[in-house]
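For reference, the structure discussed in these notes is given below.
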Amino acid sequence: MIRLVVVGAAGRMGRAVVETVAGDAGFEVVAGVDREPSPAGWNPAVPWFAEVEEGVSPGSVVVEFSGSAGAVAAARACAGAGVPLVSGSTGLGDVEEAALRAAAERVAVLRAANFSLGVLALRRAVRAAVGALPGWDVEIVERHHRGKKDSPSGTALRLAADVAAAHGVSAPSLRHGREGNVGPRPVDEIGLHAVRGGTWVGDHTVLLAGSGEWLELRHVAQDRTAFARGALAAAGFVARARAGLYALDAVEP
Ligand code: NAD
């Protein structure tokens with residue numbers, strides 16, 4: 001039985017993790033952490049904390065979906081307590097990335113911008129398609145709910161990095177939308193387009209456009225349990241892993 005501390009437990013993803021654990025005998029939520037009060041339906045027997053360092057206990061695994069500040073707090077608390085961390089927050093800056101890397105020197109840290117196993121398969125399919133279609137233009141369109149804070153999505157950036165790697169380029173030339181007289185499309189450009197509205201959970205389309213034909217690879221997350229299931233698989237992995245920084249490929253090679 002893996003004992004989970006859920007950071008961001010009042011948020012959309014935190015609640016999805018808690019709901020998914022309810023149907024899985026291999027996991028137990030031992031604490032919720034959030035600056036907001038516990039949501040309706042929270043089990044009153046499970047303690048609730050405002051700060052992550054109060055909730056972390058030896059023998060637990062932290063699963064964090066709480067944004068930049070929560071990711072840093074979770075990284076520091078996990079490193080201090082010797083507790084593994086699964087971190088799902090996106091839109092992190094250099095300071096937050098450095099905090100996660102520092103924690104990974106002490107404990108196992110698994111980070112993913114998208115915990116869906118379907119997106120993992122999409123990434124592999126994109127790399128294969130781009131490798132097979134040299135010279136084709138690549139554009140990425142992502143759609144998310146109106147409450148999403150970071151744009152483009154971490155997954156879109158990850159897909160762009162995959163495309164660039166398949167092209168043999170380390171620093172991709174990203175074009176975030178187009179406006180005005182931008183001229184013809186440079187061949188090495190990767191277009192990124194962020195659509196926001198409604199309650200879209202997560203939708204990523206990679207368009208590959210050749211001469212007289214095009215190919216579209218698309219993944220749609222219909223609800224957040226797709227991410228929550230992947231995060232639980234990751235929690236099972238870090239519970240047994242040595243210190244280090246891991247990606248989702250480590251769980252589903
Ligand atoms: P949300 O705003 O619904 O929830 C975030 C929660 O974190 C809130 O309840 C907030 O009060 C809490 N929080 C913020 N700072 C905190 C802190 N310092 N300590 C404790 N709690 C804190 O957001 P969401 O839709 O659940 O997404 C959360 C993050 O996860 C975002 O970065 C989002 O992009 C990312 N996300 C990742 C995946 C993935 O598969 N990796 C999937 C969906 C969302």
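Chain lettering (A, B, ...) mirrors the order of the structure tokens, residue numbering begins at 1 for each chain separately, and ligand numbering begins at 1 in order of display.
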- Task: For ligand 1, list the contacting residues at 9 Å or closer, counting only C-alpha atoms and all ligand atoms, as a PyMOL selection string.
- Result: chain A and resi 7-16+33-37+49-52+64-74+87-92+111-116+145+147-150+153-155+201-202+224+226-228+230-231
- Which residues come within 7 Å of stretch 248-253 of chain A, counting only C-alpha atoms, excluding same-chain residues fewer than 2 positions away, as a PyMOL selection string? chain A and resi 112+233-234+237+246
Residues just named, written with C-alpha atoms as a compact mmCIF listing (two decimals), in the first residue's frame:
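As a result, out-v4.txt now contains:
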```
# COMPACT_ATOMS: atom_id res chain seq x y z
CA ALA A 112 5.73 15.09 -16.38
CA ALA A 233 1.65 4.73 -11.79
CA ALA A 234 4.44 7.28 -11.31
CA PHE A 237 7.56 3.91 -9.52
CA TYR A 246 12.77 10.78 -13.91
```
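Counting only C-alpha atoms and comparing A:Gly41, A:Pro134, A:Gly191, A:Pro186, the residue that lies closest to A:Ala160 is A:Gly191.
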- Query: Contacts of A:Leu207 at 10 Å or less, counting only C-alpha atoms, minus same-chain residues fewer than 3 places along, as a VMD selection string?
  - Reply: chain A and resid 126 136 to 141 191 204 210 214 to 218
Please, which residues of stretch 45-237 of chain A, numbered as in this document, come out helix (DSSP H, G or I) from DSSP, as a PDB file with C-alpha atoms, in the first residue's frame?
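Output saved as selection_3.pdb:
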```
ATOM      1  CA  VAL A  52       3.323  20.829   2.471  1.00  0.00           C
ATOM      2  CA  GLU A  53       6.048  20.444   5.123  1.00  0.00           C
ATOM      3  CA  GLU A  54       3.314  19.897   7.723  1.00  0.00           C
ATOM      4  CA  GLY A  55       1.773  17.062   5.701  1.00  0.00           C
ATOM      5  CA  GLY A  67       1.466  25.327  -9.659  1.00  0.00           C
ATOM      6  CA  SER A  68       4.878  26.983  -9.283  1.00  0.00           C
ATOM      7  CA  ALA A  69       4.876  27.864  -5.574  1.00  0.00           C
ATOM      8  CA  GLY A  70       3.492  24.489  -4.538  1.00  0.00           C
ATOM      9  CA  ALA A  71       6.026  22.640  -6.709  1.00  0.00           C
ATOM     10  CA  VAL A  72       8.944  24.439  -5.027  1.00  0.00           C
ATOM     11  CA  ALA A  73       7.501  23.917  -1.532  1.00  0.00           C
ATOM     12  CA  ALA A  74       6.925  20.224  -2.281  1.00  0.00           C
ATOM     13  CA  ALA A  75      10.451  19.788  -3.688  1.00  0.00           C
ATOM     14  CA  ARG A  76      12.049  21.343  -0.584  1.00  0.00           C
ATOM     15  CA  ALA A  77       9.841  19.434   1.858  1.00  0.00           C
ATOM     16  CA  CYS A  78      10.422  16.099   0.091  1.00  0.00           C
ATOM     17  CA  ALA A  79      14.199  16.606  -0.019  1.00  0.00           C
ATOM     18  CA  GLY A  80      14.181  17.512   3.691  1.00  0.00           C
ATOM     19  CA  ALA A  81      12.061  14.529   4.738  1.00  0.00           C
ATOM     20  CA  ASP A  94      14.152  28.403 -13.918  1.00  0.00           C
ATOM     21  CA  VAL A  95      13.943  28.785 -10.111  1.00  0.00           C
ATOM     22  CA  GLU A  96      11.276  26.085  -9.811  1.00  0.00           C
ATOM     23  CA  GLU A  97      13.120  23.763 -12.206  1.00  0.00           C
ATOM     24  CA  ALA A  98      16.293  24.216 -10.143  1.00  0.00           C
ATOM     25  CA  ALA A  99      14.410  23.361  -6.923  1.00  0.00           C
ATOM     26  CA  LEU A 100      13.169  20.099  -8.465  1.00  0.00           C
ATOM     27  CA  ARG A 101      16.653  19.219  -9.736  1.00  0.00           C
ATOM     28  CA  ALA A 102      18.112  19.935  -6.271  1.00  0.00           C
ATOM     29  CA  ALA A 103      15.499  17.684  -4.633  1.00  0.00           C
ATOM     30  CA  ALA A 104      16.319  14.917  -7.139  1.00  0.00           C
ATOM     31  CA  LEU A 117      -0.367   7.301 -21.273  1.00  0.00           C
ATOM     32  CA  GLY A 118      -2.136   8.270 -24.513  1.00  0.00           C
ATOM     33  CA  VAL A 119       0.040  11.389 -24.742  1.00  0.00           C
ATOM     34  CA  LEU A 120       3.131   9.258 -24.176  1.00  0.00           C
ATOM     35  CA  ALA A 121       2.023   7.197 -27.205  1.00  0.00           C
ATOM     36  CA  LEU A 122       1.294  10.419 -29.155  1.00  0.00           C
ATOM     37  CA  ARG A 123       4.850  11.625 -28.480  1.00  0.00           C
ATOM     38  CA  ARG A 124       6.285   8.394 -29.845  1.00  0.00           C
ATOM     39  CA  ALA A 125       4.008   8.546 -32.903  1.00  0.00           C
ATOM     40  CA  VAL A 126       5.020  12.180 -33.549  1.00  0.00           C
ATOM     41  CA  ARG A 127       8.717  11.361 -33.391  1.00  0.00           C
ATOM     42  CA  ALA A 128       8.215   8.474 -35.843  1.00  0.00           C
ATOM     43  CA  ALA A 129       6.072  10.547 -38.246  1.00  0.00           C
ATOM     44  CA  VAL A 130       8.428  13.546 -38.238  1.00  0.00           C
ATOM     45  CA  GLY A 131      11.382  11.241 -38.837  1.00  0.00           C
ATOM     46  CA  ALA A 132       9.563   9.668 -41.803  1.00  0.00           C
ATOM     47  CA  GLY A 154       3.658  22.185 -21.081  1.00  0.00           C
ATOM     48  CA  THR A 155       2.598  19.268 -23.277  1.00  0.00           C
ATOM     49  CA  ALA A 156       2.657  21.408 -26.430  1.00  0.00           C
ATOM     50  CA  LEU A 157       6.181  22.557 -25.549  1.00  0.00           C
ATOM     51  CA  ARG A 158       7.174  18.934 -24.897  1.00  0.00           C
ATOM     52  CA  LEU A 159       5.768  17.901 -28.297  1.00  0.00           C
ATOM     53  CA  ALA A 160       7.659  20.778 -29.954  1.00  0.00           C
ATOM     54  CA  ALA A 161      10.869  19.579 -28.292  1.00  0.00           C
ATOM     55  CA  ASP A 162      10.149  16.054 -29.605  1.00  0.00           C
ATOM     56  CA  VAL A 163       9.666  17.436 -33.134  1.00  0.00           C
ATOM     57  CA  ALA A 164      12.910  19.410 -32.881  1.00  0.00           C
ATOM     58  CA  ALA A 165      14.777  16.331 -31.614  1.00  0.00           C
ATOM     59  CA  ALA A 166      13.444  14.314 -34.558  1.00  0.00           C
ATOM     60  CA  HIS A 167      14.768  17.110 -36.824  1.00  0.00           C
ATOM     61  CA  THR A 225      -8.610  10.677 -14.384  1.00  0.00           C
ATOM     62  CA  ALA A 226      -6.437  10.072 -17.486  1.00  0.00           C
ATOM     63  CA  PHE A 227      -3.717  12.171 -15.810  1.00  0.00           C
ATOM     64  CA  ALA A 228      -4.471  10.887 -12.317  1.00  0.00           C
ATOM     65  CA  ARG A 229      -3.985   7.240 -13.334  1.00  0.00           C
ATOM     66  CA  GLY A 230      -0.583   8.066 -14.840  1.00  0.00           C
ATOM     67  CA  ALA A 231       0.378  10.003 -11.694  1.00  0.00           C
ATOM     68  CA  LEU A 232      -0.472   6.972  -9.540  1.00  0.00           C
ATOM     69  CA  ALA A 233       1.651   4.732 -11.790  1.00  0.00           C
ATOM     70  CA  ALA A 234       4.440   7.283 -11.313  1.00  0.00           C
ATOM     71  CA  ALA A 235       3.928   7.225  -7.522  1.00  0.00           C
ATOM     72  CA  GLY A 236       4.339   3.441  -7.582  1.00  0.00           C
ATOM     73  CA  PHE A 237       7.560   3.907  -9.521  1.00  0.00           C
TER      74      PHE A 237
END
```
- Message: as number ranges by chain, please: every residue in stretch 1-226 of chain A that DSSP puts in strand (DSSP E).
- Response: A: 2-7, 27-33, 48-49, 60-64, 85-87, 108-111, 137-144, 173-176, 189-196, 202-209, 214-221
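The interatomic distance for the pair atom CA of A:Val238 and atom CA of A:Val86 works out to 7.4 Å.
In this model, the gap between atom CA of A:Gly168 and atom CA of A:Glu142 comes to 23.6 Å.
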- Task: Please indicate the distance in Å from atom CA of A:Arg3 to atom CA of A:Ala22, rounded to one decimal place.
- Result: 12.6 Å
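Minimum atom-to-atom distance to A:Leu245, evaluated using only C-alpha atoms, belongs to A:Leu110 out of A:Leu110, A:Leu192, A:Ala171, A:Ala45.
Distances to A:Gly244 were evaluated for A:Val220, A:Leu4, A:Val107, A:His193 using only C-alpha atoms, and the minimum falls at A:Val107.
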